[in-house]
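Source file: final.txt; contents: compact mmCIF, C-alpha atoms.
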# COMPACT_ATOMS: atom_id res chain seq x y z
CA MET E 22 -79.31 -49.87 -13.30
CA ALA E 23 -79.05 -46.89 -15.59
CA ARG E 24 -77.31 -45.85 -18.74
CA GLY E 25 -73.78 -44.62 -17.98
CA HIS E 26 -73.06 -40.93 -18.48
CA HIS E 27 -70.43 -41.88 -21.06
CA ASP E 28 -72.83 -44.08 -23.06
CA ILE E 29 -74.26 -41.32 -25.20
CA GLY E 30 -74.65 -42.71 -28.72
CA GLY E 31 -78.03 -41.65 -30.10
CA LEU E 32 -79.02 -39.37 -27.23
CA PRO E 33 -81.14 -36.47 -28.44
CA GLY E 34 -80.40 -32.81 -27.96
CA ALA E 35 -76.97 -32.68 -29.55
CA GLY E 36 -76.05 -29.53 -31.43
CA PRO E 37 -73.79 -28.69 -34.35
CA ILE E 38 -70.27 -30.10 -34.44
CA ASP E 39 -67.78 -27.43 -33.39
CA GLN E 40 -64.95 -27.96 -35.85
CA SER E 41 -62.56 -25.48 -34.24
CA GLU E 42 -59.36 -26.94 -32.85
CA HIS E 43 -57.10 -25.74 -30.08
CA THR E 44 -53.38 -26.05 -29.66
CA LEU E 45 -52.68 -28.27 -26.70
CA SER E 46 -51.54 -26.56 -23.51
CA ASP E 47 -48.45 -27.80 -21.67
CA TRP E 48 -50.58 -29.50 -19.05
CA GLU E 49 -52.59 -31.35 -21.69
CA ILE E 50 -49.47 -32.60 -23.43
CA LEU E 51 -48.17 -33.68 -20.03
CA ALA E 52 -51.42 -35.47 -19.16
CA ASP E 53 -51.27 -37.32 -22.47
CA ALA E 54 -47.63 -38.29 -21.94
CA VAL E 55 -48.07 -39.40 -18.32
CA ASN E 56 -51.04 -41.52 -19.35
CA GLN E 57 -49.09 -43.17 -22.16
CA ALA E 58 -46.00 -43.63 -19.97
CA LEU E 59 -48.02 -45.37 -17.26
CA GLY E 60 -49.46 -47.67 -19.90
CA ALA E 61 -46.07 -48.42 -21.42
CA ARG E 62 -44.76 -49.34 -17.96
CA GLY E 63 -47.71 -51.66 -17.39
CA VAL E 64 -48.87 -49.65 -14.38
CA LYS E 65 -52.41 -49.31 -15.68
CA ARG E 66 -54.53 -50.39 -18.62
CA THR E 67 -56.69 -48.19 -20.84
CA ASP E 68 -59.71 -50.24 -19.73
CA GLU E 69 -59.11 -49.19 -16.11
CA MET E 70 -58.89 -45.55 -17.11
CA ARG E 71 -62.15 -45.78 -19.05
CA ARG E 72 -63.83 -47.40 -16.08
CA ALA E 73 -62.57 -44.65 -13.77
CA ARG E 74 -64.10 -42.01 -16.06
CA GLU E 75 -67.38 -43.91 -16.07
CA GLU E 76 -67.34 -43.91 -12.27
CA MET E 77 -66.83 -40.15 -12.04
CA ASP E 78 -69.54 -37.82 -10.87
CA SER E 79 -71.85 -37.40 -13.87
CA ALA E 80 -72.05 -33.61 -13.68
CA ALA E 81 -68.26 -33.43 -13.51
CA TYR E 82 -68.03 -35.73 -16.55
CA ARG E 83 -70.07 -33.29 -18.61
CA ASP E 84 -68.39 -30.14 -17.28
CA MET E 85 -64.74 -31.15 -17.39
CA THR E 86 -62.68 -30.89 -20.52
CA TYR E 87 -61.28 -33.97 -22.20
CA TYR E 88 -57.84 -33.86 -20.62
CA GLU E 89 -59.22 -32.83 -17.22
CA ARG E 90 -61.18 -36.10 -17.30
CA TRP E 91 -57.97 -37.94 -18.16
CA ILE E 92 -56.16 -36.38 -15.21
CA ALA E 93 -59.05 -37.19 -12.87
CA SER E 94 -58.98 -40.81 -13.98
CA ILE E 95 -55.17 -41.04 -13.77
CA GLU E 96 -55.42 -39.80 -10.18
CA ALA E 97 -58.29 -42.14 -9.31
CA ILE E 98 -56.52 -45.23 -10.65
CA LEU E 99 -53.17 -44.37 -9.02
CA ILE E 100 -54.93 -43.94 -5.68
CA GLU E 101 -56.92 -47.14 -6.17
CA LYS E 102 -53.71 -49.03 -6.87
CA LYS E 103 -52.13 -47.43 -3.77
CA ILE E 104 -49.32 -45.95 -5.85
CA LEU E 105 -50.11 -42.43 -4.67
CA THR E 106 -52.43 -40.99 -2.05
CA LYS E 107 -54.68 -37.98 -2.40
CA GLU E 108 -52.91 -36.38 0.55
CA GLU E 109 -49.47 -36.55 -1.01
CA ILE E 110 -50.80 -35.12 -4.28
CA ASP E 111 -52.44 -32.30 -2.29
CA ARG E 112 -49.18 -31.66 -0.42
CA LYS E 113 -47.07 -31.64 -3.56
CA LEU E 114 -49.55 -29.34 -5.25
CA SER E 115 -49.43 -26.91 -2.30
CA GLN E 116 -45.66 -26.76 -2.65
CA PHE E 117 -46.04 -25.95 -6.33
CA GLU E 118 -48.72 -23.37 -5.72
CA SER E 119 -46.65 -21.45 -3.22
CA LYS E 120 -43.91 -21.36 -5.86
CA TRP E 121 -46.24 -20.40 -8.71
CA GLY E 122 -47.98 -17.72 -6.63
CA GLU E 123 -49.39 -14.65 -8.31
CA PRO E 124 -47.20 -12.39 -10.46
CA MET H 298 -37.71 -29.97 -8.43
CA SER H 299 -38.17 -29.74 -12.15
CA ASP H 300 -40.67 -27.32 -13.56
CA ALA H 301 -42.61 -27.82 -16.80
CA GLY H 302 -39.77 -26.02 -18.60
CA ASN H 303 -37.85 -28.19 -20.97
CA ALA H 304 -40.22 -31.16 -21.14
CA GLU H 305 -43.22 -29.70 -22.89
CA HIS H 306 -43.94 -27.82 -26.05
CA GLY H 307 -47.28 -26.20 -26.67
CA HIS H 308 -49.11 -23.34 -25.21
CA ASP H 309 -47.99 -21.77 -21.91
CA HIS H 310 -50.42 -20.58 -19.26
CA PRO H 311 -49.46 -19.00 -15.96
CA LYS H 312 -49.77 -22.05 -13.75
CA HIS H 313 -51.63 -20.38 -10.90
CA GLU H 314 -54.45 -19.74 -13.38
CA LEU H 315 -54.87 -23.38 -14.36
CA SER H 316 -57.94 -25.35 -13.36
CA HIS H 317 -57.98 -27.80 -10.45
CA TYR H 318 -57.08 -30.92 -12.43
CA ALA H 319 -54.76 -29.12 -14.82
CA LYS H 320 -52.59 -28.18 -11.83
CA ARG H 321 -52.70 -31.64 -10.34
CA ILE H 322 -50.98 -33.33 -13.25
CA TYR H 323 -47.77 -31.48 -12.38
CA ALA H 324 -47.90 -32.81 -8.83
CA ILE H 325 -48.75 -36.30 -10.06
CA ARG H 326 -45.91 -36.22 -12.57
CA ASP H 327 -43.32 -35.22 -9.98
CA LEU H 328 -44.49 -37.79 -7.44
CA LEU H 329 -44.44 -40.60 -10.01
CA ILE H 330 -40.87 -39.71 -10.97
CA GLU H 331 -39.77 -39.40 -7.31
CA LYS H 332 -41.20 -42.82 -6.58
CA GLY H 333 -39.60 -44.36 -9.67
CA VAL H 334 -42.91 -45.36 -11.23
CA ILE H 335 -42.00 -43.59 -14.46
CA THR H 336 -39.00 -41.54 -15.51
CA GLU H 337 -38.57 -38.09 -17.03
CA LYS H 338 -37.25 -39.88 -20.12
CA ASP H 339 -40.45 -41.95 -20.35
CA ILE H 340 -42.43 -38.73 -20.52
CA GLN H 341 -40.12 -37.14 -23.06
CA CYS H 342 -40.25 -40.25 -25.25
CA GLN H 343 -44.03 -40.27 -25.20
CA ILE H 344 -44.17 -36.60 -26.16
CA GLU H 345 -41.82 -37.22 -29.07
CA TYR H 346 -43.70 -40.39 -30.12
CA GLN H 347 -46.94 -38.43 -30.23
CA GLU H 348 -45.39 -35.48 -32.11
CA ALA H 349 -44.24 -37.90 -34.81
CA ARG H 350 -47.73 -39.14 -35.43
CA SER H 351 -49.93 -37.08 -37.70
CA PRO H 352 -52.48 -37.42 -40.48
CA ALA H 353 -49.57 -37.27 -42.94
CA ASN H 354 -48.98 -40.96 -42.19
CA GLY H 355 -52.50 -41.84 -43.23
CA ALA H 356 -52.37 -39.55 -46.26
CA ASN H 357 -49.23 -41.30 -47.48
CA LEU H 358 -50.82 -44.72 -47.10
CA VAL H 359 -53.90 -43.60 -48.99
CA ALA H 360 -51.93 -41.91 -51.76
CA ARG H 361 -49.89 -45.04 -52.34
CA ALA H 362 -53.00 -47.20 -52.33
CA TRP H 363 -54.64 -44.97 -54.92
CA GLY H 364 -51.69 -45.27 -57.27
CA ASP H 365 -50.72 -48.91 -56.67
CA ALA H 366 -53.45 -51.53 -56.81
CA ALA H 367 -51.27 -54.25 -55.37
CA PHE H 368 -50.37 -52.07 -52.39
CA LYS H 369 -54.04 -51.25 -51.90
CA GLY H 370 -54.77 -54.96 -51.73
CA ARG H 371 -52.06 -55.42 -49.12
CA LEU H 372 -53.28 -52.40 -47.14
CA ILE H 373 -56.78 -53.83 -46.90
CA ALA H 374 -55.66 -57.41 -46.24
CA ASP H 375 -52.96 -56.64 -43.65
CA PRO H 376 -52.84 -52.96 -42.74
CA LYS H 377 -50.07 -53.26 -40.13
CA SER H 378 -47.71 -54.92 -42.60
CA ALA H 379 -48.54 -52.37 -45.28
CA CYS H 380 -47.73 -49.61 -42.78
CA ALA H 381 -44.40 -51.26 -42.02
CA GLU H 382 -43.60 -51.25 -45.76
CA MET H 383 -43.85 -47.47 -45.62
CA GLY H 384 -41.93 -47.11 -42.37
CA ILE H 385 -45.04 -46.33 -40.33
CA ASP H 386 -45.06 -48.06 -36.96
CA ALA H 387 -48.57 -49.38 -36.37
CA THR H 388 -47.55 -52.04 -33.87
CA ALA H 389 -49.30 -50.23 -31.00
CA ILE H 390 -52.65 -50.94 -32.64
CA ASN H 391 -54.08 -54.23 -31.42
CA GLU H 392 -56.22 -54.82 -34.50
CA PHE H 393 -56.25 -52.52 -37.51
CA VAL H 394 -58.96 -52.51 -40.19
CA VAL H 395 -59.04 -50.38 -43.33
CA LEU H 396 -62.49 -49.61 -44.76
CA GLU H 397 -62.58 -48.78 -48.47
CA ASN H 398 -64.99 -46.14 -49.73
CA THR H 399 -66.50 -46.57 -53.20
CA GLU H 400 -68.97 -44.70 -55.38
CA SER H 401 -71.76 -46.64 -53.73
CA VAL H 402 -70.48 -46.97 -50.13
CA ARG H 403 -69.14 -44.47 -47.62
CA HIS H 404 -67.85 -45.40 -44.17
CA MET H 405 -67.67 -43.23 -41.06
CA VAL H 406 -66.06 -44.00 -37.70
CA VAL H 407 -67.01 -42.87 -34.20
CA CYS H 408 -66.37 -44.03 -30.65
CA THR H 409 -69.62 -43.25 -28.83
CA LEU H 410 -68.34 -44.57 -25.48
CA CYS H 411 -65.10 -42.58 -25.29
CA SER H 412 -62.78 -41.50 -28.12
CA CYS H 413 -60.99 -44.54 -29.55
CA TYR H 414 -59.02 -43.46 -32.62
CA PRO H 415 -56.09 -44.83 -34.65
CA ARG H 416 -53.57 -42.60 -32.85
CA PRO H 417 -50.46 -44.53 -33.94
CA ILE H 418 -51.37 -43.69 -37.54
CA LEU H 419 -53.15 -40.34 -37.42
CA GLY H 420 -51.89 -38.79 -34.17
CA ARG H 421 -54.28 -37.24 -31.68
CA PRO H 422 -57.96 -37.06 -32.63
CA PRO H 423 -59.46 -33.65 -33.37
CA ASP H 424 -61.51 -32.03 -30.62
CA TRP H 425 -64.72 -32.50 -32.60
CA TYR H 426 -64.23 -36.28 -32.81
CA LYS H 427 -64.12 -36.42 -29.01
CA SER H 428 -67.07 -34.05 -28.56
CA PHE H 429 -70.40 -35.10 -27.05
CA ASN H 430 -72.24 -33.79 -30.11
CA TYR H 431 -70.33 -36.02 -32.51
CA ARG H 432 -70.52 -39.06 -30.26
CA GLN H 433 -74.27 -38.59 -29.87
CA ARG H 434 -75.14 -37.83 -33.49
CA ALA H 435 -72.79 -39.93 -35.59
CA VAL H 436 -74.61 -43.22 -35.03
CA VAL H 437 -78.15 -41.93 -35.39
CA ASP H 438 -77.81 -39.30 -38.16
CA PRO H 439 -74.44 -39.63 -39.91
CA ARG H 440 -75.69 -37.83 -43.04
CA SER H 441 -76.43 -34.66 -41.09
CA VAL H 442 -72.90 -34.79 -39.68
CA MET H 443 -71.48 -35.29 -43.18
CA ARG H 444 -73.50 -32.30 -44.43
CA GLU H 445 -71.84 -30.13 -41.79
CA PHE H 446 -68.49 -31.19 -43.23
CA GLY H 447 -69.67 -30.43 -46.76
CA LEU H 448 -70.55 -33.94 -47.92
CA ASN H 449 -74.03 -34.46 -49.36
CA LEU H 450 -74.86 -37.99 -50.42
CA SER H 451 -77.85 -39.32 -52.29
CA ASP H 452 -79.86 -42.18 -50.82
CA ASP H 453 -78.34 -44.42 -53.51
CA VAL H 454 -75.10 -44.34 -51.55
CA GLU H 455 -74.92 -46.66 -48.54
CA VAL H 456 -73.54 -45.02 -45.40
CA ARG H 457 -71.93 -47.47 -42.98
CA VAL H 458 -71.14 -46.07 -39.53
CA HIS H 459 -68.72 -48.03 -37.36
CA ASP H 460 -68.90 -47.56 -33.59
CA SER H 461 -65.40 -48.42 -32.45
CA THR H 462 -66.31 -50.10 -29.15
CA ALA H 463 -63.47 -52.59 -28.80
CA ASP H 464 -59.80 -52.98 -29.77
CA ILE H 465 -60.35 -52.63 -33.51
CA ARG H 466 -59.10 -49.32 -34.91
CA TYR H 467 -60.58 -48.21 -38.19
CA LEU H 468 -59.10 -46.10 -40.97
CA ILE H 469 -61.16 -45.03 -43.96
CA LEU H 470 -59.56 -45.42 -47.37
CA PRO H 471 -61.32 -42.55 -49.14
CA LEU H 472 -62.47 -42.58 -52.75
CA ARG H 473 -59.83 -41.32 -55.16
CA PRO H 474 -60.91 -37.95 -56.59
CA LYS H 475 -61.66 -37.78 -60.31
CA GLY H 476 -59.13 -36.15 -62.59
CA THR H 477 -56.08 -37.39 -60.70
CA GLU H 478 -54.80 -39.94 -63.19
CA ASN H 479 -50.99 -39.92 -63.39
CA TRP H 480 -50.66 -37.69 -60.33
CA SER H 481 -47.61 -38.24 -58.16
CA GLU H 482 -48.03 -39.80 -54.74
CA ALA H 483 -46.97 -36.53 -53.13
CA ASP H 484 -49.68 -34.58 -54.94
CA LEU H 485 -52.30 -37.22 -54.23
CA ALA H 486 -51.43 -37.13 -50.52
CA LYS H 487 -52.28 -33.42 -50.41
CA LEU H 488 -55.90 -34.23 -51.25
CA VAL H 489 -56.24 -36.69 -48.35
CA THR H 490 -57.53 -34.77 -45.37
CA ARG H 491 -57.58 -36.19 -41.85
CA ASP H 492 -61.35 -35.84 -41.81
CA SER H 493 -61.68 -37.92 -44.99
CA MET H 494 -59.88 -40.77 -43.18
CA ILE H 495 -62.45 -40.56 -40.38
CA GLY H 496 -65.17 -40.55 -43.03
CA VAL H 497 -67.11 -37.36 -42.36
CA MET H 498 -66.05 -35.94 -45.70
CA ASP H 499 -64.60 -37.01 -49.03
CA PRO H 500 -61.04 -36.01 -49.95
CA LEU H 501 -60.38 -32.66 -51.59
CA ASP H 502 -61.26 -32.26 -55.25
CA ALA H 503 -58.47 -32.45 -57.79
CA ILE H 504 -59.47 -29.22 -59.43
CA PRO H 505 -60.17 -26.29 -57.12
CA GLU H 506 -63.54 -24.62 -57.64
CA MET Q 242 -62.42 -70.76 -37.98
CA ASN Q 243 -62.30 -71.64 -34.31
CA SER Q 244 -64.89 -74.36 -33.75
CA ALA Q 245 -65.74 -72.89 -30.36
CA THR Q 246 -66.95 -69.70 -32.05
CA GLN Q 247 -70.69 -69.55 -31.64
CA PHE Q 248 -71.61 -67.43 -34.69
CA LYS Q 249 -70.48 -67.11 -38.28
CA PRO Q 250 -70.91 -64.40 -40.90
CA GLY Q 251 -74.51 -64.13 -42.02
CA ASP Q 252 -76.01 -65.41 -38.77
CA ARG Q 253 -78.90 -63.32 -37.50
CA VAL Q 254 -78.27 -62.17 -33.94
CA THR Q 255 -79.90 -60.04 -31.30
CA VAL Q 256 -77.96 -58.01 -28.76
CA LYS Q 257 -79.04 -59.03 -25.27
CA PHE Q 258 -81.22 -56.49 -23.55
CA GLN Q 259 -79.48 -56.63 -20.21
CA ASP Q 260 -77.52 -54.52 -17.82
CA CYS Q 261 -74.98 -55.29 -15.15
CA PRO Q 262 -72.66 -53.26 -12.96
CA GLY Q 263 -69.14 -52.52 -14.08
CA HIS Q 264 -67.43 -51.56 -17.31
CA LEU Q 265 -69.48 -52.50 -20.37
CA ARG Q 266 -68.55 -51.91 -24.00
CA THR Q 267 -71.93 -52.72 -25.51
CA PRO Q 268 -73.62 -49.36 -26.11
CA TRP Q 269 -77.05 -48.80 -24.62
CA TYR Q 270 -78.60 -47.87 -27.97
CA ILE Q 271 -77.84 -51.27 -29.54
CA ARG Q 272 -79.10 -53.49 -26.71
CA GLY Q 273 -82.14 -55.48 -27.76
CA LYS Q 274 -81.55 -54.73 -31.45
CA SER Q 275 -81.27 -57.37 -34.14
CA GLY Q 276 -78.80 -57.56 -36.98
CA TRP Q 277 -76.37 -60.04 -38.48
CA ILE Q 278 -72.76 -61.13 -38.12
CA GLU Q 279 -70.66 -59.30 -40.69
CA GLN Q 280 -67.29 -60.63 -39.63
CA VAL Q 281 -65.57 -62.60 -36.88
CA HIS Q 282 -62.78 -60.39 -35.50
CA GLY Q 283 -61.24 -63.07 -33.34
CA GLU Q 284 -60.55 -63.55 -29.65
CA PHE Q 285 -59.65 -60.77 -27.25
CA ARG Q 286 -59.23 -60.37 -23.52
CA ASN Q 287 -62.50 -59.29 -21.91
CA PRO Q 288 -62.49 -55.53 -21.22
CA GLU Q 289 -65.15 -55.98 -18.51
CA SER Q 290 -62.56 -57.82 -16.45
CA LEU Q 291 -59.47 -55.86 -17.57
CA ALA Q 292 -61.12 -52.69 -16.31
CA PHE Q 293 -60.81 -53.97 -12.74
CA GLY Q 294 -57.20 -55.04 -12.95
CA HIS Q 295 -57.89 -58.70 -13.76
CA ASP Q 296 -56.30 -60.54 -16.65
CA GLY Q 297 -59.35 -60.56 -18.94
CA LEU Q 298 -59.14 -64.31 -19.45
CA PRO Q 299 -60.61 -66.43 -20.86
CA LYS Q 300 -60.60 -64.50 -24.11
CA LYS Q 301 -63.96 -63.79 -25.70
CA THR Q 302 -64.83 -63.83 -29.38
CA LEU Q 303 -65.45 -60.37 -30.81
CA TYR Q 304 -67.76 -59.90 -33.79
CA LEU Q 305 -68.47 -57.12 -36.23
CA VAL Q 306 -72.26 -56.98 -36.10
CA ALA Q 307 -74.24 -55.07 -38.73
CA PHE Q 308 -77.66 -53.51 -38.32
CA ASN Q 309 -80.03 -51.68 -40.61
CA GLN Q 310 -80.19 -48.10 -39.35
CA SER Q 311 -83.96 -48.21 -39.71
CA ASP Q 312 -84.12 -51.27 -37.38
CA VAL Q 313 -82.04 -49.56 -34.70
CA TRP Q 314 -83.80 -46.24 -34.44
CA GLY Q 315 -87.33 -47.25 -35.33
CA ARG Q 316 -87.76 -44.44 -37.77
CA THR Q 317 -87.07 -43.85 -41.42
CA ALA Q 318 -83.42 -43.46 -42.15
CA ALA Q 319 -81.90 -43.69 -45.64
CA PRO Q 320 -82.95 -47.28 -46.39
CA LYS Q 321 -79.54 -48.60 -47.36
CA ASP Q 322 -77.69 -47.20 -44.34
CA LYS Q 323 -76.07 -49.52 -41.82
CA LEU Q 324 -74.66 -49.32 -38.31
CA LEU Q 325 -71.77 -51.62 -37.40
CA VAL Q 326 -70.68 -52.31 -33.85
CA ASP Q 327 -67.92 -54.50 -32.41
CA ILE Q 328 -69.72 -56.74 -29.91
CA TYR Q 329 -68.55 -59.61 -27.72
CA GLU Q 330 -70.09 -63.06 -28.01
CA HIS Q 331 -71.56 -63.09 -24.51
CA TRP Q 332 -73.75 -60.14 -25.48
CA LEU Q 333 -75.29 -61.91 -28.49
CA GLU Q 334 -77.92 -64.52 -28.96
CA SER Q 335 -79.42 -66.13 -32.04
CA SER Q 336 -82.12 -63.93 -33.39
CA ALA Q 337 -85.71 -65.02 -33.24
CA GLN Q 338 -86.17 -63.17 -36.51
CA GLU Q 339 -86.18 -65.29 -39.59
CA ARG Q 340 -85.03 -64.16 -42.99
CA GLU Q 341 -87.69 -63.24 -45.55
CA GLU Q 342 -87.23 -66.63 -47.23
CA VAL Q 343 -89.42 -69.45 -46.09
CA SER Q 344 -87.96 -71.48 -43.25
CA HIS Q 345 -89.01 -74.99 -42.41
CA GLU Q 346 -88.93 -75.78 -38.70

Serialized structure, structure tokens:
Amino acid sequence: MARGHHDIGGLPGAGPIDQSEHTLSDWEILADAVNQALGARGVKRTDEMRRAREEMDSAAYRDMTYYERWIASIEAILIEKKILTKEEIDRKLSQFESKWGEP
Amino acid sequence: MSDAGNAEHGHDHPKHELSHYAKRIYAIRDLLIEKGVITEKDIQCQIEYQEARSPANGANLVARAWGDAAFKGRLIADPKSACAEMGIDATAINEFVVLENTESVRHMVVCTLCSCYPRPILGRPPDWYKSFNYRQRAVVDPRSVMREFGLNLSDDVEVRVHDSTADIRYLILPLRPKGTENWSEADLAKLVTRDSMIGVMDPLDAIPE
Amino acid sequence: MNSATQFKPGDRVTVKFQDCPGHLRTPWYIRGKSGWIEQVHGEFRNPESLAFGHDGLPKKTLYLVAFNQSDVWGRTAAPKDKLLVDIYEHWLESSAQEREEVSHE
């Protein structure tokens, strides 16, 4: 067994604390709200979401931003619970992308 | 199908430029609504709930505690009830603990495993609280973190770092700044920064330098 | 206090040096370290089970466990400084360490 990629208290090599803050993008606000809404409806628990993030690919965990990790874990748990499938998310996203297009 | 449009506030990006997962949340949202798992109203309510939560809640609690010893006692003994007295809804917190700073003790809170934070009181955590650097350093060298936030403590002061690993949510009750006797609650609240309620710094000084 | 609670404030405890698969909320850095019970938080559903969609029952007792910073990191930290972690009962055992006072066994 090995230390989880999330279990980082005390690890060496950390740098200065970046105190800058960013205004949340629409998609981040949406990720936050969808996560909370799923919890309020009893669809998933925070513990399941944490576990999904711990099960992610370790390189992805370090590279993704905070809310990207949330979205990845929302997707993983919804698929695990057979509420959505990856294929239907892909299909829906393709529909969006053809609408969004390039300016 | 509905677009992001009326539901969100915040910062707009052209959607085709968003990253892989950023785009997927829109698809996930629409599918969940189509399937009746959640509703558009659920999402809107959560956005509004979150917008209503900010460090001002914590600052008001602290300011009242500084001025009213009996309230301070109630805040430490039963934080959720004390919040309710002030119209702050802390019911979403499973277990709420207030840690009082003194001249000889300073507390600091971190969640090394993820980013647990008293969101129902303070709103969303700052990016730095969720950062790998903070999560790695806070437990092993809290004083160096405090120095980055401008707080230098002598070794006579005990630093107590809480790693928030379970359902307990911690709020620091910072030390009341000197020279604030007879100040109004509103003026006291202005000295209470969000970061002082996490514990990486003391509140603002009463008299500007 | 619940009579089934194994530890009380002041008890010396050591965090088990163990690992298992699944969702664990006992940080790596504190495993094997010794401290003392600061407070009994009460009983909570077990996150290790909740994380897999189970009901988290039976509830487990959660403790606020305090450690000297110098004992955790094995190097000189400011001598008064402490580290406090919320740890579940099944991760704790009575410490083999005795207090400085004489003990008669």

Expressed in Å to a single decimal, how great is the separation between CA of Met77 in chain E and CA of Ser290 in chain Q?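 We find that CA of Met77 in chain E and CA of Ser290 in chain Q lie 18.7 Å from each other.
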
Within 9 Å of Gln57 in chain E, counting all atoms listed in the file, which residues show up once you throw out same-chain ones fewer than 6 positions away? Write them as a list in words, please. Asp339, Ile340 and Gln343 of chain H

Only C-alpha atoms, please: the residues just picked out, written as an mmCIF file, in the frame of the given file.
data_model
loop_
_atom_site.group_PDB
_atom_site.id
_atom_site.type_symbol
_atom_site.label_atom_id
_atom_site.label_comp_id
_atom_site.auth_asym_id
_atom_site.auth_seq_id
_atom_site.Cartn_x
_atom_site.Cartn_y
_atom_site.Cartn_z
ATOM 1 C CA ASP H 339 -40.450 -41.950 -20.350
ATOM 2 C CA ILE H 340 -42.430 -38.730 -20.520
ATOM 3 C CA GLN H 343 -44.030 -40.270 -25.200
#

Using only C-alpha atoms, determine which residues lie at most 12 Å from range 78-84 of chain E, disregarding the query and same-chain residues fewer than 3 positions distant; provide the list as a PyMOL selection string. (chain E and resi 24-29+71+73-75+87-94) or (chain H and resi 318+411+428-430)

Select from chain H every residue with an atom at most 6 Å from any atom of chain E, then for each give the shortest pair of atoms and their distance in Å to one decimal, using all atoms listed in the file, rows by chain and rising number, as JSON lines.
{"residue": "H:Glu305", "atom": "CA", "partner": "E:Asp47", "partner_atom": "CA", "distance": 5.7}
{"residue": "H:Gly307", "atom": "CA", "partner": "E:Ser46", "partner_atom": "CA", "distance": 5.3}
{"residue": "H:His308", "atom": "CA", "partner": "E:Ser46", "partner_atom": "CA", "distance": 4.4}
{"residue": "H:His313", "atom": "CA", "partner": "E:Trp121", "partner_atom": "CA", "distance": 5.8}
{"residue": "H:Tyr318", "atom": "CA", "partner": "E:Glu89", "partner_atom": "CA", "distance": 5.6}
{"residue": "H:Ala319", "atom": "CA", "partner": "E:Trp48", "partner_atom": "CA", "distance": 6.0}
{"residue": "H:Ala324", "atom": "CA", "partner": "E:Leu114", "partner_atom": "CA", "distance": 5.3}
{"residue": "H:Asp339", "atom": "CA", "partner": "E:Ala58", "partner_atom": "CA", "distance": 5.8}
{"residue": "H:Ile340", "atom": "CA", "partner": "E:Ala54", "partner_atom": "CA", "distance": 5.4}
{"residue": "H:Gln343", "atom": "CA", "partner": "E:Ala54", "partner_atom": "CA", "distance": 5.2}
{"residue": "H:Ile344", "atom": "CA", "partner": "E:Ala54", "partner_atom": "CA", "distance": 5.7}
{"residue": "H:Thr409", "atom": "CA", "partner": "E:Gly30", "partner_atom": "CA", "distance": 5.1}
{"residue": "H:Leu410", "atom": "CA", "partner": "E:Asp28", "partner_atom": "CA", "distance": 5.1}
{"residue": "H:Asp424", "atom": "CA", "partner": "E:Glu42", "partner_atom": "CA", "distance": 6.0}
{"residue": "H:Trp425", "atom": "CA", "partner": "E:Gln40", "partner_atom": "CA", "distance": 5.6}
{"residue": "H:Asn430", "atom": "CA", "partner": "E:Ala35", "partner_atom": "CA", "distance": 4.9}
{"residue": "H:Arg432", "atom": "CA", "partner": "E:Gly30", "partner_atom": "CA", "distance": 5.7}
{"residue": "H:Gln433", "atom": "CA", "partner": "E:Gly30", "partner_atom": "CA", "distance": 4.3}
{"residue": "H:Arg434", "atom": "CA", "partner": "E:Gly31", "partner_atom": "CA", "distance": 5.9}
{"residue": "H:Val437", "atom": "CA", "partner": "E:Gly31", "partner_atom": "CA", "distance": 5.3}

Could you give me, as CSV, every chain Q residue with an atom at most 6 Å from chain H, plus its closest atom pair and distance in Å to one decimal, counting only C-alpha atoms, rows ordered by chain then number?
residue,atom,partner,partner_atom,distance
Q:Arg266,CA,H:Thr462,CA,5.9
Q:Ala319,CA,H:Asp452,CA,5.8
Q:Lys321,CA,H:Glu455,CA,5.1
Q:Asp322,CA,H:Val456,CA,4.8
Q:Lys323,CA,H:Arg457,CA,4.8
Q:Leu324,CA,H:Val458,CA,4.9
Q:Leu325,CA,H:His459,CA,4.7
Q:Val326,CA,H:Asp460,CA,5.1
Q:Asp327,CA,H:Thr462,CA,5.7

Residues just named, written with C-alpha atoms as a CSV table (one decimal), keeping the file's coordinate frame:
chain,number,residue,atom,x,y,z
Q,266,ARG,CA,-68.6,-51.9,-24.0
Q,319,ALA,CA,-81.9,-43.7,-45.6
Q,321,LYS,CA,-79.5,-48.6,-47.4
Q,322,ASP,CA,-77.7,-47.2,-44.3
Q,323,LYS,CA,-76.1,-49.5,-41.8
Q,324,LEU,CA,-74.7,-49.3,-38.3
Q,325,LEU,CA,-71.8,-51.6,-37.4
Q,326,VAL,CA,-70.7,-52.3,-33.8
Q,327,ASP,CA,-67.9,-54.5,-32.4

Contact set, chain Q to chain E: 12 Å, only C-alpha atoms, as a VMD selection string: chain Q and resid 259 to 272 286 to 297 310 313 to 314 324 326

Long-range neighbours of Gly276 in chain Q as a ChimeraX atom specification, 12 Å cut-off, only C-alpha atoms, 5 positions minimum in chain: /Q:250-257,271,304-313,323-326,328,333-340

Do you have the CA of Ile390 in chain H-CA of Pro474 in chain H distance handy? 28.5 Å
